[in-house]
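**Q** Let me give you the structure first, and then I'll get to my questions.
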Amino acid sequence: IDLDRFKAVNDTRGHDVGDRLLVEVANRLRGCVRETDIIARMGGDEFAILQAPLDGPEAAMALAARIVERLGAPYHVGGQRLLVGASVGVALCPDHGCDPQTLLRRADLALYRAKLGGRGSLACYAPGLEEDTTERFVLEQDLRAAIASDQFTLAYQPVCDTQSLAVVGFEALLRWRHPVRGAVEPRLFIPLAEECGLIGVLGQWALETACAEAAAWARPCRIAVNVSPAQFRAPDLPARIAETLARTGLDPRWLQLEVTEGLLLEDTDAVLETMRALRAQGIGITLDDFGTAHASLSYLRRFPFDTLKIDQSFVRSLGEDAGAQSIVQAVLTLAHGLGLVVVAEGVETEEQLALLRAMRCQLVQGFLIGRPAPAARVREQLWSAADPLLPAGQAAAG
Ligand code: C2E
Ligand code: CA
Ligand code: CA
């Protein structure tokens, strides 16, 4: 069991708070197990549980799920509300080994795998995980080489006005064409780039390329660029972006940065300062994937966002699940009350679009309206289209 975000708590709130948090974690772990199970702290923020006797593999996974859930609930330590999650890796005796070293090593590999799935995940060891980790190592080497050898491109997906479907901007999305594997998904290589410290270089490349591209468009449009938390936390970000804008000749008002909720959990004062500096330059900031992590509504007021993107998972359930519709409606009401523009992403059906129109969501993005396309195609489209620009094959509404 490994805690997520513990280091940040320790660094920003002090070791005393960190220590008390660990005690609280241990108490919660105690509440998850039976009398016969053994809990140990392996060091730092790592714990292990020896679950014996075991009523089959399902019981181990059920315990892992319980731990992820209980440890993920907010903590109140010294008058502060803290969020730290946990990831869990499971190995079984005798299936995966019969000596402690092998079992621990394999549980560790499973934990490593779980973490690849994001925070608060769990995984069980499976034969082949060793090779998988080697493969990951190879991919990391390839990623380093790829940056140097032009294997990245950006695809641009239109963002449209919900009522008229006129294009108001594009989101730049990274694409990696690996010489042997072919296209590698961002879902795979972005977390890898984050973990091995390459996201700074890669993110700067994406920013620079997207700005240069947008500066050359026949009709000025907004360009949204995704920025990872690690990249955002670099103290020189506002200065570097100002330089990039000056070099590429893009007016700051066309640039929109997209950040996720994860950024807002740590180091809030520094993040706030960076955001204010960017907004002062005229740059917009979007809260991406809204509703997927520990979104606290207070973030919307505390941080100077101007746009909010409702996550695809809610949009996908529109029309199928009344709950999703209520959530989207509530988010829209709240965002509009705060003066924020709302983008619904992942719009795939006419029905979803109709519901979003009825609910007065201003902007939409999704496969129904336009898929991410290469730069040349977008450039051509922008040269040839009369204003308002409509994506190919779509008719204006009403
Ligand atoms: P995201 O920022 O949420 O981007 C939207 C993702 O949804 C894109 O996936 C896009 O292709 C996909 N998408 C758009 N419309 C639809 C739809 O109607 N249906 C479905 N099923 N999917 C749709 P993609 O390109 O694979 O990117 C995945 C993620 O990778 C992005 O999620 C973003 O978090 C990250 N990413 C991409 N480019 C960059 C980058 O330059 N920097 C950073 N830091 N992250 C990036
Ligand atoms: Ca995005
Ligand atoms: Ca998103």
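For the structure tokens, the naming scheme is as follows: chains receive sequential letters (A, B, ...) according to their order of presentation, residues are indexed from 1 within each chain, and ligands are indexed from 1 in presentation order.
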Grab me every residue within 7 Å of ligand 1, counting only C-alpha atoms and all ligand atoms, and send it over as a list in words.
**A**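 Here is the list of contacting residues: Ala172, Leu173, Leu174, Glu185, Pro186, Arg187, Ile190, Gly203, Ala206, Val225, Asn226, Val227, Ser228, Asp288, Asp289, Glu345, Gly346, Val347, Glu348, Gln365, Gly366, Phe367, Leu368, Arg371 and Pro372 of chain A.
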**Q** Please provide as a list in words all residues within 12 Å of Arg30 of chain A, with the sequence filter that same-chain residues fewer than 3 positions apart are discarded (counting only C-alpha atoms).
**A**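 Once the nearby chain positions are removed, what remains is Val23, Glu24, Val25, Ala26, Asn27, Val33, Arg34, Glu35, Thr36, Asp37, Ile38, Ile39, Ala40, Arg41, Phe47, Ala48, Ile49, Leu63, Arg66, Ile67, Arg70 and Leu71 of chain A.
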**Q** Rounded to one decimal, what separation in Å do you get between atom CA of Arg253 of chain A and atom CA of Gln281 of chain A?
**A**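 Atom-to-atom, atom CA of Arg253 of chain A to atom CA of Gln281 of chain A, that is 8.1 Å.
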**Q** Leaving out segment 305-316 of chain A and any residue of its chain fewer than 4 positions from it, which residues lie within 7 Å of it when counting only C-alpha atoms, given as a list in words?
**A** Gly284, Ile285, Thr286, Leu287, Asp288, Asp289, Phe290, Gly291, Thr292, Leu300, Ala324, Val328, Leu340, Val341, Val342, Val343, Ala344, Glu345, Gly346, Val347 and Gln352 of chain A
**Q** Quick one: DSSP alpha helix (DSSP H) residues in segment 39-274 of chain A, as a PyMOL selection string?
**A** chain A and resi 57-72+100-116+129-148+186-195+199-215+229-232+237-248+268-274
**Q** Looking at only C-alpha atoms and all ligand atoms, which of A:Tyr112, A:Leu278, A:Ala52, A:Glu261 is the one that sits closest to ligand 3?
**A**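 Residue with the minimum atom-to-atom distance to ligand 3: A:Glu261.
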**Q** Using only C-alpha atoms, find the one residue out of A:Ala123, A:Phe6, A:Pro374, A:Gly339 that sits nearest to Ala60 of chain A.
**A**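 Going through A:Ala123, A:Phe6, A:Pro374, A:Gly339 one by one, the smallest distance to Ala60 of chain A is for A:Ala123.
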